[in-house]
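A.B. asks: File structure_3.txt below, compact mmCIF, C-alpha atoms:
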```
# COMPACT_ATOMS: atom_id res chain seq x y z
CA MET A 848 -16.12 21.80 7.63
CA THR A 849 -13.80 20.43 4.95
CA LYS A 850 -13.86 16.91 3.51
CA ILE A 851 -11.10 14.34 3.79
CA ASP A 852 -9.68 13.31 0.42
CA VAL A 853 -8.51 9.75 -0.13
CA LEU A 854 -5.66 8.31 -2.18
CA LEU A 855 -5.36 4.56 -2.64
CA GLY A 856 -4.12 1.86 -4.99
CA LEU A 857 -6.55 0.15 -7.36
CA GLN A 858 -4.57 -2.96 -8.31
CA TRP A 859 -2.41 -5.30 -6.18
CA GLY A 860 -0.13 -2.60 -4.76
CA ASP A 861 3.06 -0.94 -5.99
CA GLU A 862 1.14 1.52 -8.18
CA GLY A 863 3.24 4.52 -7.10
CA LYS A 864 1.03 5.84 -4.30
CA GLY A 865 3.92 7.28 -2.29
CA LYS A 866 5.11 9.44 -5.13
CA ILE A 867 1.65 10.83 -5.87
CA VAL A 868 1.07 11.59 -2.17
CA ASP A 869 4.39 13.44 -2.11
CA VAL A 870 3.39 15.43 -5.20
CA LEU A 871 -0.03 16.32 -3.79
CA THR A 872 1.14 17.11 -0.25
CA PRO A 873 1.68 20.88 -0.85
CA ALA A 874 -2.10 21.22 -1.33
CA TYR A 875 -2.85 19.64 2.08
CA ASP A 876 -2.26 20.41 5.74
CA VAL A 877 -2.32 16.83 7.08
CA ILE A 878 -1.29 13.51 5.51
CA ALA A 879 -2.78 10.54 7.40
CA ARG A 880 -2.06 6.82 6.93
CA PHE A 881 -5.20 4.83 7.72
CA GLN A 882 -4.24 1.14 7.49
CA GLY A 883 -1.49 -1.38 6.82
CA GLY A 884 1.95 -1.56 8.36
CA PRO A 885 5.57 -2.33 7.46
CA ASN A 886 4.44 -4.76 4.75
CA ALA A 887 3.88 -1.64 2.63
CA GLY A 888 6.71 0.08 0.77
CA HIS A 889 6.11 3.56 -0.62
CA THR A 890 9.01 4.72 -2.80
CA LEU A 891 9.73 8.38 -3.47
CA GLU A 892 12.44 9.72 -5.77
CA PHE A 893 13.65 13.30 -5.90
CA GLY A 894 16.94 15.16 -5.81
CA GLY A 895 18.66 12.16 -7.36
CA MET A 896 17.87 9.98 -4.32
CA LYS A 897 15.43 7.16 -3.59
CA HIS A 898 13.50 7.08 -0.31
CA VAL A 899 11.44 4.07 0.84
CA LEU A 900 8.84 4.48 3.59
CA HIS A 901 7.02 1.61 5.25
CA ILE A 902 5.01 3.00 8.17
CA ILE A 903 5.52 6.76 7.99
CA PRO A 904 3.18 8.78 5.72
CA SER A 905 4.60 9.94 2.40
CA GLY A 906 4.24 13.63 3.24
CA ILE A 907 7.05 13.47 5.80
CA PHE A 908 9.55 15.29 3.57
CA HIS A 909 7.40 18.42 3.75
CA GLN A 910 8.34 19.82 7.15
CA ASP A 911 5.44 22.27 7.27
CA LYS A 912 2.86 19.48 6.96
CA ILE A 913 1.53 17.27 9.76
CA ASN A 914 1.84 13.53 9.15
CA LEU A 915 -0.37 11.18 11.14
CA ILE A 916 -0.16 7.43 11.71
CA GLY A 917 -3.80 6.51 12.26
CA ASN A 918 -5.41 3.95 14.54
CA GLY A 919 -5.82 1.48 11.67
CA VAL A 920 -2.06 1.22 11.13
CA LEU A 921 0.24 -1.41 12.68
CA ILE A 922 3.60 -0.23 14.04
CA GLU A 923 6.65 -2.45 14.40
CA PRO A 924 8.94 -0.35 16.65
CA ASN A 925 12.23 -1.68 15.26
CA ILE A 926 11.24 -0.95 11.68
CA PHE A 927 9.82 2.41 12.77
CA ARG A 928 13.14 3.33 14.43
CA GLN A 929 15.06 2.33 11.31
CA GLU A 930 12.83 4.61 9.22
CA ILE A 931 13.31 7.49 11.65
CA ASP A 932 17.09 6.99 11.60
CA ALA A 933 17.12 6.87 7.78
CA LEU A 934 15.16 10.13 7.65
CA ALA A 935 17.56 11.76 10.13
CA GLU A 936 20.48 10.83 7.88
CA LYS A 937 18.74 12.82 5.14
CA GLY A 938 18.29 15.80 7.45
CA VAL A 939 14.61 15.15 8.28
CA ASP A 940 13.63 15.45 11.94
CA ALA A 941 10.32 13.58 11.97
CA THR A 942 9.63 14.43 15.64
CA LYS A 943 8.59 17.90 14.48
CA ASN A 944 5.66 16.89 12.30
CA LEU A 945 4.78 13.21 12.86
CA TYR A 946 1.91 12.30 15.21
CA ILE A 947 0.90 8.78 16.21
CA SER A 948 -2.51 7.47 17.22
CA LYS A 949 -2.66 6.01 20.72
CA LYS A 950 -4.98 3.36 19.28
CA ALA A 951 -2.54 2.09 16.62
CA HIS A 952 -1.64 -1.54 17.36
CA LEU A 953 1.91 -2.80 17.91
CA ILE A 954 3.60 -5.67 16.08
CA LEU A 955 5.56 -7.72 18.61
CA PRO A 956 8.61 -9.85 17.75
CA SER A 957 6.47 -12.89 18.51
CA HIS A 958 3.91 -11.70 15.91
CA ARG A 959 6.67 -12.01 13.32
CA MET A 960 7.46 -15.48 14.63
CA MET A 961 3.79 -16.46 14.32
CA ASP A 962 3.74 -15.13 10.75
CA ALA A 963 6.59 -17.50 9.85
CA ALA A 964 4.97 -20.37 11.77
CA ASN A 965 1.63 -19.91 9.99
CA GLU A 966 3.27 -19.76 6.54
CA GLN A 967 5.30 -22.88 7.29
CA ALA A 968 2.16 -24.71 8.42
CA LYS A 969 0.39 -23.86 5.13
CA GLY A 970 3.10 -25.58 3.09
CA SER A 971 2.39 -25.27 -0.63
CA ASP A 972 -0.77 -23.28 0.15
CA LYS A 973 1.15 -20.35 1.65
CA ILE A 974 -0.15 -16.91 0.67
CA GLY A 975 3.22 -15.20 0.20
CA SER A 976 3.28 -13.17 3.44
CA THR A 977 5.94 -10.48 3.83
CA LEU A 978 6.62 -12.05 7.27
CA LYS A 979 6.37 -8.68 8.98
CA GLY A 980 3.81 -9.94 11.50
CA ILE A 981 0.84 -8.18 9.91
CA GLY A 982 -1.66 -11.05 9.93
CA PRO A 983 -0.98 -12.21 13.51
CA ALA A 984 -1.09 -8.61 14.82
CA TYR A 985 -4.44 -7.93 13.16
CA THR A 986 -5.64 -11.32 14.45
CA ASP A 987 -4.83 -10.25 18.01
CA LYS A 988 -6.55 -6.93 17.38
CA VAL A 989 -9.78 -8.68 16.40
CA ALA A 990 -9.36 -11.21 19.23
CA ARG A 991 -9.03 -8.26 21.64
CA THR A 992 -5.66 -9.43 22.94
CA GLY A 993 -3.45 -6.93 21.08
CA LEU A 994 -1.30 -4.15 22.49
CA ARG A 995 -1.62 -0.55 21.36
CA VAL A 996 0.72 2.42 21.27
CA GLY A 997 -1.01 4.01 24.26
CA ASP A 998 -0.41 0.83 26.28
CA THR A 999 3.35 1.47 26.27
CA LEU A 1000 2.71 4.21 28.84
CA ALA A 1001 0.79 1.88 31.20
CA PRO A 1002 2.54 0.63 34.38
CA ASP A 1003 1.66 -3.00 33.59
CA PHE A 1004 2.81 -2.90 29.95
CA LEU A 1005 5.65 -5.43 30.40
CA GLN A 1006 3.36 -7.93 32.14
CA ARG A 1007 0.82 -7.67 29.33
CA TYR A 1008 3.60 -7.97 26.77
CA ASP A 1009 4.95 -11.14 28.40
CA ALA A 1010 1.49 -12.71 28.60
CA LEU A 1011 0.90 -12.16 24.87
CA LYS A 1012 4.37 -13.43 23.98
CA ARG A 1013 3.83 -16.62 26.02
CA MET A 1014 0.54 -17.22 24.20
CA HIS A 1015 2.33 -16.88 20.84
CA LEU A 1016 5.07 -19.29 21.91
CA ARG A 1017 2.48 -21.92 22.87
CA MET A 1018 0.74 -21.49 19.52
CA ALA A 1019 4.01 -21.78 17.58
CA LEU A 1020 4.94 -24.99 19.37
CA THR A 1021 1.50 -26.41 18.63
CA LEU A 1022 2.16 -25.77 14.93
CA GLY A 1023 5.44 -27.68 15.19
CA PHE A 1024 7.52 -24.54 14.63
CA ASP A 1025 11.17 -24.57 15.74
CA VAL A 1026 11.34 -21.41 17.84
CA GLU A 1027 15.04 -21.95 18.65
CA GLN A 1028 15.99 -21.77 14.97
CA PHE A 1029 13.80 -18.75 14.18
CA ARG A 1030 15.68 -15.60 13.20
CA ILE A 1031 14.70 -11.99 12.46
CA ASP A 1032 17.45 -9.99 10.77
CA GLY A 1033 19.94 -12.63 11.93
CA MET A 1034 18.86 -12.41 15.59
CA ASN A 1035 17.01 -14.96 17.66
CA LEU A 1036 13.74 -14.01 19.30
CA GLU A 1037 15.27 -12.78 22.59
CA GLU A 1038 17.99 -10.74 20.84
CA TYR A 1039 15.47 -9.11 18.53
CA GLU A 1040 13.17 -8.48 21.46
CA GLN A 1041 15.92 -6.50 23.23
CA GLN A 1042 16.26 -4.26 20.16
CA TRP A 1043 12.47 -3.95 19.99
CA MET A 1044 12.27 -2.74 23.59
CA LYS A 1045 14.98 -0.14 22.95
CA SER A 1046 13.05 1.02 19.88
CA LEU A 1047 10.03 1.78 22.07
CA GLU A 1048 12.04 4.71 23.44
CA THR A 1049 12.25 6.13 19.91
CA LEU A 1050 8.49 5.69 19.54
CA LYS A 1051 7.89 7.56 22.80
CA ARG A 1052 9.70 10.62 21.48
CA PHE A 1053 6.70 11.32 19.26
CA ARG A 1054 3.40 12.97 20.06
CA PHE A 1055 0.71 10.40 20.82
CA VAL A 1056 -2.79 11.65 20.00
CA SER A 1057 -6.41 10.56 20.05
CA SER A 1058 -6.37 10.57 16.29
CA GLU A 1059 -10.14 10.45 15.78
CA TYR A 1060 -10.53 13.72 17.71
CA PHE A 1061 -7.46 15.20 16.04
CA VAL A 1062 -8.60 14.50 12.47
CA ASN A 1063 -12.16 15.66 13.03
CA GLN A 1064 -10.96 18.87 14.66
CA CYS A 1065 -8.70 19.48 11.65
CA LEU A 1066 -11.73 19.13 9.36
CA ARG A 1067 -13.80 21.47 11.53
CA ASP A 1068 -10.96 24.00 11.44
CA GLY A 1069 -11.03 23.95 7.63
CA LYS A 1070 -7.71 22.12 7.25
CA ARG A 1071 -7.21 19.92 4.21
CA VAL A 1072 -6.56 16.28 5.07
CA LEU A 1073 -5.34 13.57 2.69
CA ALA A 1074 -5.83 9.94 3.73
CA GLU A 1075 -3.07 7.70 2.38
CA GLY A 1076 -3.72 4.01 1.84
CA ALA A 1077 -1.24 1.15 1.75
CA GLN A 1078 -1.34 -2.03 -0.36
CA ALA A 1079 -4.33 -1.76 -2.72
CA MET A 1080 -7.95 -2.55 -3.51
CA MET A 1081 -7.40 -6.10 -4.80
CA LEU A 1082 -5.66 -6.99 -1.52
CA ASP A 1083 -8.60 -5.86 0.64
CA ILE A 1084 -9.58 -8.41 3.28
CA ASP A 1085 -13.25 -8.35 2.20
CA PHE A 1086 -13.25 -7.46 -1.50
CA GLY A 1087 -9.81 -8.57 -2.67
CA THR A 1088 -8.70 -11.94 -4.04
CA TYR A 1089 -9.27 -13.72 -0.71
CA PRO A 1090 -7.38 -15.52 0.83
CA PHE A 1091 -4.45 -14.00 -1.10
CA VAL A 1092 -4.98 -10.62 0.51
CA THR A 1093 -3.69 -8.45 3.34
CA SER A 1094 -5.35 -8.33 6.76
CA SER A 1095 -6.97 -4.90 6.64
CA ASN A 1096 -9.53 -2.90 4.68
CA THR A 1097 -7.52 -1.13 2.00
CA ILE A 1098 -10.59 0.56 0.50
CA THR A 1099 -12.22 3.96 1.02
CA ALA A 1100 -14.40 2.51 3.80
CA GLY A 1101 -11.17 1.74 5.66
CA VAL A 1102 -10.58 5.48 6.03
CA CYS A 1103 -13.63 5.72 8.27
CA THR A 1104 -12.49 2.92 10.58
CA GLY A 1105 -8.75 3.63 10.25
CA LEU A 1106 -8.97 7.31 11.14
CA GLY A 1107 -12.33 7.67 12.86
CA VAL A 1108 -14.22 9.85 10.40
CA ALA A 1109 -17.82 9.63 9.21
CA PRO A 1110 -18.65 8.45 5.67
CA SER A 1111 -20.14 11.88 5.00
CA SER A 1112 -16.68 13.37 5.57
CA ILE A 1113 -15.18 11.71 2.47
CA GLY A 1114 -14.38 14.07 -0.40
CA LYS A 1115 -12.39 13.18 -3.51
CA VAL A 1116 -11.23 9.60 -3.98
CA MET A 1117 -8.06 9.44 -6.04
CA GLY A 1118 -7.23 6.00 -7.42
CA ILE A 1119 -3.73 5.06 -8.58
CA THR A 1120 -3.20 2.51 -11.34
CA LYS A 1121 -0.22 1.49 -13.39
CA ALA A 1122 -0.55 1.50 -17.17
CA TYR A 1123 -0.05 -2.27 -16.83
CA CYS A 1124 -0.43 -4.67 -13.86
CA THR A 1125 1.90 -6.21 -11.30
CA ARG A 1126 1.49 -8.50 -8.34
CA VAL A 1127 3.84 -9.78 -5.63
CA GLY A 1128 3.34 -13.18 -4.04
CA ALA A 1129 0.68 -15.80 -4.64
CA GLY A 1130 -2.86 -15.33 -5.89
CA PRO A 1131 -4.83 -15.04 -9.15
CA PHE A 1132 -3.56 -12.73 -11.88
CA PRO A 1133 -5.52 -13.26 -15.12
CA THR A 1134 -3.37 -11.00 -17.33
CA GLN A 1135 0.01 -12.28 -16.10
CA LEU A 1136 2.59 -12.66 -18.88
CA ASP A 1137 4.96 -15.58 -18.42
CA ASP A 1138 6.93 -14.67 -21.52
CA GLU A 1139 9.47 -12.20 -22.86
CA THR A 1140 6.96 -9.33 -22.67
CA GLY A 1141 6.36 -10.00 -18.98
CA HIS A 1142 10.11 -10.13 -18.43
CA ARG A 1143 10.55 -6.80 -20.25
CA LEU A 1144 7.91 -5.15 -18.07
CA CYS A 1145 9.69 -6.45 -14.98
CA GLU A 1146 13.16 -5.34 -16.03
CA VAL A 1147 12.33 -1.98 -17.61
CA GLY A 1148 9.89 -1.14 -14.81
CA HIS A 1149 12.33 -2.27 -12.08
CA GLU A 1150 9.51 -4.35 -10.68
CA TYR A 1151 10.99 -5.61 -7.45
CA GLY A 1152 9.18 -5.25 -4.12
CA ALA A 1153 10.23 -2.24 -2.02
CA THR A 1154 9.63 -4.27 1.14
CA THR A 1155 10.55 -7.83 0.10
CA GLY A 1156 12.85 -7.35 -2.91
CA ARG A 1157 10.89 -10.11 -4.67
CA PRO A 1158 10.38 -9.76 -8.43
CA ARG A 1159 6.82 -8.78 -9.25
CA ARG A 1160 4.64 -10.74 -11.63
CA CYS A 1161 3.77 -8.53 -14.59
CA GLY A 1162 0.96 -8.40 -17.14
CA TRP A 1163 -1.40 -6.22 -19.14
CA ILE A 1164 -3.78 -3.78 -17.48
CA ASP A 1165 -6.93 -5.50 -16.19
CA ILE A 1166 -10.01 -3.34 -16.85
CA PRO A 1167 -12.63 -5.59 -15.14
CA ALA A 1168 -10.55 -5.47 -11.94
CA LEU A 1169 -9.95 -1.73 -12.34
CA ARG A 1170 -13.64 -1.02 -12.96
CA TYR A 1171 -14.50 -3.12 -9.89
CA ALA A 1172 -12.01 -1.12 -7.81
CA CYS A 1173 -13.51 2.17 -8.99
CA MET A 1174 -17.00 0.94 -8.07
CA ILE A 1175 -16.11 -0.30 -4.57
CA ASN A 1176 -14.12 2.82 -3.71
CA GLY A 1177 -16.22 5.52 -5.37
CA VAL A 1178 -13.16 6.70 -7.30
CA THR A 1179 -13.61 10.23 -8.63
CA GLU A 1180 -10.33 10.55 -10.53
CA LEU A 1181 -7.51 8.35 -11.77
CA TYR A 1182 -3.75 8.76 -11.66
CA VAL A 1183 -1.94 6.56 -14.18
CA THR A 1184 1.70 5.68 -13.54
CA LYS A 1185 4.56 4.12 -15.51
CA PRO A 1186 3.38 4.27 -19.15
CA ASP A 1187 7.05 5.09 -19.88
CA VAL A 1188 7.89 1.44 -19.14
CA MET A 1189 6.13 0.54 -22.41
CA ASN A 1190 7.72 3.29 -24.53
CA ASP A 1191 9.38 0.78 -26.86
CA PHE A 1192 6.45 -1.62 -27.24
CA GLU A 1193 5.06 -1.94 -30.75
CA THR A 1194 1.72 -3.07 -29.30
CA VAL A 1195 0.18 -2.68 -25.86
CA LYS A 1196 -2.82 -4.67 -24.73
CA MET A 1197 -5.74 -4.21 -22.38
CA CYS A 1198 -7.94 -6.88 -20.81
CA THR A 1199 -11.56 -5.74 -21.21
CA ALA A 1200 -13.40 -8.92 -20.15
CA TYR A 1201 -12.87 -12.51 -18.93
CA LYS A 1202 -13.74 -15.78 -20.63
CA ILE A 1203 -14.67 -18.49 -18.15
CA GLY A 1204 -15.48 -21.61 -20.10
CA LYS A 1205 -18.16 -20.60 -22.62
CA ARG A 1206 -19.15 -17.53 -20.64
CA THR A 1207 -17.80 -14.01 -21.10
CA THR A 1208 -18.07 -11.55 -18.23
CA ASP A 1209 -16.73 -8.16 -17.21
CA GLU A 1210 -17.32 -8.84 -13.52
CA ILE A 1211 -15.00 -10.32 -10.89
CA PRO A 1212 -16.41 -13.81 -10.26
CA TYR A 1213 -16.58 -15.32 -6.79
CA GLU A 1214 -14.50 -18.21 -8.16
CA TYR A 1215 -11.72 -15.77 -9.16
CA ASN A 1216 -9.05 -17.90 -7.48
CA THR A 1217 -10.10 -21.23 -8.97
CA ALA A 1218 -11.89 -20.54 -12.27
CA PRO A 1219 -9.88 -21.01 -15.51
CA ILE A 1220 -9.98 -17.35 -16.56
CA GLU A 1221 -8.85 -16.30 -20.03
CA PRO A 1222 -8.44 -12.54 -20.53
CA VAL A 1223 -10.19 -10.97 -23.51
CA LEU A 1224 -7.55 -8.60 -24.90
CA THR A 1225 -7.82 -5.47 -27.01
CA SER A 1226 -4.66 -4.31 -28.78
CA TYR A 1227 -3.47 -0.72 -29.14
CA ALA A 1228 -0.60 0.63 -31.20
CA GLY A 1229 2.42 1.53 -29.07
CA TRP A 1230 3.60 5.14 -28.96
CA ARG A 1231 7.26 4.21 -29.67
CA HIS A 1232 8.40 7.51 -28.21
CA SER A 1233 10.45 8.57 -25.19
CA LEU A 1234 8.48 10.61 -22.68
CA LEU A 1235 11.62 12.23 -21.29
CA GLY A 1236 11.34 15.99 -21.11
CA ILE A 1237 7.58 16.19 -21.71
CA THR A 1238 6.05 18.67 -19.27
CA GLU A 1239 2.45 18.95 -20.49
CA TYR A 1240 -0.24 16.26 -20.71
CA ASN A 1241 -1.33 17.49 -24.15
CA ASP A 1242 2.21 16.98 -25.46
CA LEU A 1243 2.14 13.24 -24.78
CA PRO A 1244 2.33 11.05 -27.91
CA GLU A 1245 -1.07 10.69 -29.60
CA LYS A 1246 -1.03 6.89 -29.33
CA LEU A 1247 -0.43 7.12 -25.59
CA LYS A 1248 -3.29 9.62 -25.22
CA GLU A 1249 -5.52 7.19 -27.14
CA TYR A 1250 -4.55 4.42 -24.72
CA LEU A 1251 -5.24 6.66 -21.72
CA ALA A 1252 -8.57 7.74 -23.23
CA ALA A 1253 -9.49 4.05 -23.52
CA ILE A 1254 -8.83 3.58 -19.79
CA GLU A 1255 -11.14 6.53 -19.07
CA ARG A 1256 -13.79 5.20 -21.40
CA GLU A 1257 -13.68 1.66 -20.01
CA THR A 1258 -13.75 2.70 -16.35
CA GLY A 1259 -15.99 5.75 -16.67
CA VAL A 1260 -13.58 7.72 -14.47
CA PRO A 1261 -11.55 10.73 -15.69
CA ILE A 1262 -7.76 10.72 -15.53
CA ALA A 1263 -6.40 13.62 -13.47
CA ALA A 1264 -2.71 13.06 -14.17
CA VAL A 1265 -0.11 10.68 -15.54
CA SER A 1266 3.32 9.96 -14.06
CA ILE A 1267 6.03 9.44 -16.68
CA SER A 1268 9.13 8.78 -14.53
CA PRO A 1269 9.99 7.95 -10.92
CA ASP A 1270 10.86 11.59 -10.19
CA ARG A 1271 8.32 13.79 -8.40
CA ARG A 1272 8.69 16.44 -11.14
CA ASP A 1273 7.33 14.17 -13.86
CA VAL A 1274 3.62 14.14 -13.00
CA LEU A 1275 1.59 15.72 -15.81
CA PHE A 1276 -1.82 17.00 -14.76
CA LYS A 1277 -4.54 16.80 -17.36
CA GLN A 1278 -6.41 19.69 -15.82
CA VAL A 1279 -5.75 22.31 -13.16
CA GLN A 1280 -6.34 20.87 -9.68
```
Can the structure in the file be given as structure tokens, please?
C.D. replies:
Amino acid sequence: MTKIDVLLGLQWGDEGKGKIVDVLTPAYDVIARFQGGPNAGHTLEFGGMKHVLHIIPSGIFHQDKINLIGNGVLIEPNIFRQEIDALAEKGVDATKNLYISKKAHLILPSHRMMDAANEQAKGSDKIGSTLKGIGPAYTDKVARTGLRVGDTLAPDFLQRYDALKRMHLRMALTLGFDVEQFRIDGMNLEEYEQQWMKSLETLKRFRFVSSEYFVNQCLRDGKRVLAEGAQAMMLDIDFGTYPFVTSSNTITAGVCTGLGVAPSSIGKVMGITKAYCTRVGAGPFPTQLDDETGHRLCEVGHEYGATTGRPRRCGWIDIPALRYACMINGVTELYVTKPDVMNDFETVKMCTAYKIGKRTTDEIPYEYNTAPIEPVLTSYAGWRHSLLGITEYNDLPEKLKEYLAAIERETGVPIAAVSISPDRRDVLFKQVQ
């Protein structure tokens, strides 16, 4: 029986997970998403084109590989249909190799309305939701009132849908939300709902499976399975910077609940980190740079959200947070992305500890959101060298290799590869996989 390998982000998302999944896919038989929903945006670049996926696993461009949307994922049928249509325009027929768990929950139009209503009610305390309905859909899942993919085949599906919608409308009115003025993609709730219902027909074209049985049978058959995470460690509902987090478990443990596999089935855990840090939306970010350097990281790195288009906050790499992520997830190897963004920097810096008042710590404090944290920074000489055309890890500039070695030393986890451009070709493996 084979093990299931895991790939996930170790920061606040946008680390380049989609690209690394795409690069690793040839070594696997099944790529399985285990949590999250359309609030995720995994960007892949190859053949001179950019492809952004939100719900569909990043192995979809490999037609001989099975891609699975697991039970821990949320599906918004309209967004799903748009992704399927975009793939078809590129010549990819996803019906051939994309399976969907019957137990995956659905995001209703009224979930998106509730997302907007909840954010409005929070006022200045809003968490920066993507307004894709993620939080309300997971809330209904936990409250045992949600609807799942398999329910779309039930004869009473429309009655159950209407009952849940009516509950959401009552809640929105209680919050003082103006339902009549609410719009999704320029449509009012009823208009969007009509599109949503039509999109269910696209969803039904795919193979619905009992994903827990499917994945475990794949492992018993000796197939290699890669579990793909969305968002990242520091957005985990339990161990992230709560309440500025997503609504699911983004960590390795989430693979067990999001796909239905035993902890003993976990194999390698591959963690993705940028050579610096970014964050979208509200929440603590100790190494954030509100200066020209932060602006340079944003512009050179094209740091704009794949899902929201919002500019990302940028700062130096945060080792205490990265070490914490490696501990929680049992990371066995690191993939470092985007050092090329800092090619022209004379100096690059690394946060190795936090100062909180008179105390210095290398741990994430419980008061992470409220404590006045000052990053303790170590400076490294920049490599001042283009990485274009480099095809071997050992040929990277010495100063960059010193910086990467420092990341290994500080985290205690070996680097497996470094990505030096958005293209799938530019991933340099440090050792043979």
A.B. asks: What lies within 8 Å of range 1164-1171 of chain A using all atoms listed in the file, ignoring chain neighbours under 5 positions off, as a PyMOL selection string?
C.D. replies: chain A and resi 857-858+1081+1121-1124+1133-1134+1196-1201+1209-1211+1254+1257-1258
A.B. asks: So how many Å separate CA of Met848 in chain A and CA of Gly1069 in chain A, to one decimal?
C.D. replies: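 About the pair CA of Met848 in chain A and CA of Gly1069 in chain A: they are 5.5 Å apart.
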A.B. asks: Distance cut-off 9 Å, centre (-4.3, -0.1, 20.8) in file coordinates, counting all atoms listed in the file: which residues qualify? Return them as a PyMOL selection string.
C.D. replies: chain A and resi 918+948-953+988+993-998
A.B. asks: Skip Ala879 in chain A itself and residues of its chain fewer than 3 positions away, then list as a PDB file with C-alpha atoms, in the frame of the given file all residues within 7 Å of it, counting only C-alpha atoms.
C.D. replies:
```
ATOM      1  CA  PRO A 904       3.180   8.780   5.720  1.00  0.00           C
ATOM      2  CA  ASN A 914       1.840  13.530   9.150  1.00  0.00           C
ATOM      3  CA  LEU A 915      -0.370  11.180  11.140  1.00  0.00           C
ATOM      4  CA  ILE A 916      -0.160   7.430  11.710  1.00  0.00           C
ATOM      5  CA  GLY A 917      -3.800   6.510  12.260  1.00  0.00           C
ATOM      6  CA  LEU A1073      -5.340  13.570   2.690  1.00  0.00           C
ATOM      7  CA  ALA A1074      -5.830   9.940   3.730  1.00  0.00           C
ATOM      8  CA  GLU A1075      -3.070   7.700   2.380  1.00  0.00           C
TER       9      GLU A1075
END
```
A.B. asks: From the list A:Ser1111, A:Ser957, A:Gln1006, A:Asn1241, which residue is nearest Glu1040 in chain A when using only C-alpha atoms?
C.D. replies: A:Ser957
A.B. asks: Identify, on the basis of all atoms listed in the file, every residue whose closest approach to Arg928 in chain A does not exceed 9 Å; exclude the query and any residue fewer than 2 positions from it along the same chain; express the result as a ChimeraX atom specification.
C.D. replies: /A:923-926,930-933,1046-1047,1049-1050
A.B. asks: Report the distance between CA of Cys1103 in chain A and CA of Thr999 in chain A in Å, rounded to one decimal place.
C.D. replies: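 Going from CA of Cys1103 in chain A over to CA of Thr999 in chain A, I get 25.1 Å.
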A.B. asks: Counting all atoms listed in the file, which of A:Arg1157, A:Arg1206, A:Lys864, A:Lys1277 gets nearest to Thr977 in chain A?
C.D. replies: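 Closest residue, counting all atoms listed in the file: A:Arg1157.
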A.B. asks: Would you mind putting N, CA and C atoms back on range 1016-1029 of chain A and writing the result as a PDB file, keeping the file's coordinate frame?
C.D. replies:
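Result file follows (rebuild31.pdb):
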```pdb
ATOM      1  N   LEU A1016       4.114 -18.175  21.851  1.00  0.00           N
ATOM      2  CA  LEU A1016       5.070 -19.290  21.910  1.00  0.00           C
ATOM      3  C   LEU A1016       4.332 -20.625  21.988  1.00  0.00           C
ATOM      4  N   ARG A1017       3.276 -20.674  22.780  1.00  0.00           N
ATOM      5  CA  ARG A1017       2.480 -21.920  22.870  1.00  0.00           C
ATOM      6  C   ARG A1017       1.866 -22.268  21.520  1.00  0.00           C
ATOM      7  N   MET A1018       1.354 -21.260  20.830  1.00  0.00           N
ATOM      8  CA  MET A1018       0.740 -21.490  19.520  1.00  0.00           C
ATOM      9  C   MET A1018       1.771 -21.975  18.510  1.00  0.00           C
ATOM     10  N   ALA A1019       2.957 -21.388  18.528  1.00  0.00           N
ATOM     11  CA  ALA A1019       4.010 -21.780  17.580  1.00  0.00           C
ATOM     12  C   ALA A1019       4.431 -23.227  17.803  1.00  0.00           C
ATOM     13  N   LEU A1020       4.560 -23.615  19.063  1.00  0.00           N
ATOM     14  CA  LEU A1020       4.940 -24.990  19.370  1.00  0.00           C
ATOM     15  C   LEU A1020       3.864 -25.967  18.929  1.00  0.00           C
ATOM     16  N   THR A1021       2.609 -25.574  19.076  1.00  0.00           N
ATOM     17  CA  THR A1021       1.500 -26.410  18.630  1.00  0.00           C
ATOM     18  C   THR A1021       1.551 -26.649  17.121  1.00  0.00           C
ATOM     19  N   LEU A1022       2.028 -25.647  16.383  1.00  0.00           N
ATOM     20  CA  LEU A1022       2.160 -25.770  14.930  1.00  0.00           C
ATOM     21  C   LEU A1022       3.417 -26.527  14.515  1.00  0.00           C
ATOM     22  N   GLY A1023       4.220 -26.952  15.499  1.00  0.00           N
ATOM     23  CA  GLY A1023       5.440 -27.680  15.190  1.00  0.00           C
ATOM     24  C   GLY A1023       6.568 -26.775  14.716  1.00  0.00           C
ATOM     25  N   PHE A1024       6.520 -25.502  15.076  1.00  0.00           N
ATOM     26  CA  PHE A1024       7.520 -24.540  14.630  1.00  0.00           C
ATOM     27  C   PHE A1024       8.726 -24.565  15.558  1.00  0.00           C
ATOM     28  N   ASP A1025       9.926 -24.535  14.965  1.00  0.00           N
ATOM     29  CA  ASP A1025      11.170 -24.570  15.740  1.00  0.00           C
ATOM     30  C   ASP A1025      11.542 -23.150  16.161  1.00  0.00           C
ATOM     31  N   VAL A1026      11.111 -22.771  17.353  1.00  0.00           N
ATOM     32  CA  VAL A1026      11.340 -21.410  17.840  1.00  0.00           C
ATOM     33  C   VAL A1026      12.831 -21.137  18.008  1.00  0.00           C
ATOM     34  N   GLU A1027      13.601 -22.143  18.408  1.00  0.00           N
ATOM     35  CA  GLU A1027      15.040 -21.950  18.650  1.00  0.00           C
ATOM     36  C   GLU A1027      15.784 -21.561  17.377  1.00  0.00           C
ATOM     37  N   GLN A1028      15.316 -22.057  16.240  1.00  0.00           N
ATOM     38  CA  GLN A1028      15.990 -21.770  14.970  1.00  0.00           C
ATOM     39  C   GLN A1028      15.485 -20.498  14.297  1.00  0.00           C
ATOM     40  N   PHE A1029      14.409 -19.931  14.817  1.00  0.00           N
ATOM     41  CA  PHE A1029      13.800 -18.750  14.180  1.00  0.00           C
ATOM     42  C   PHE A1029      14.709 -17.533  14.313  1.00  0.00           C
TER      43      PHE A1029
END
```
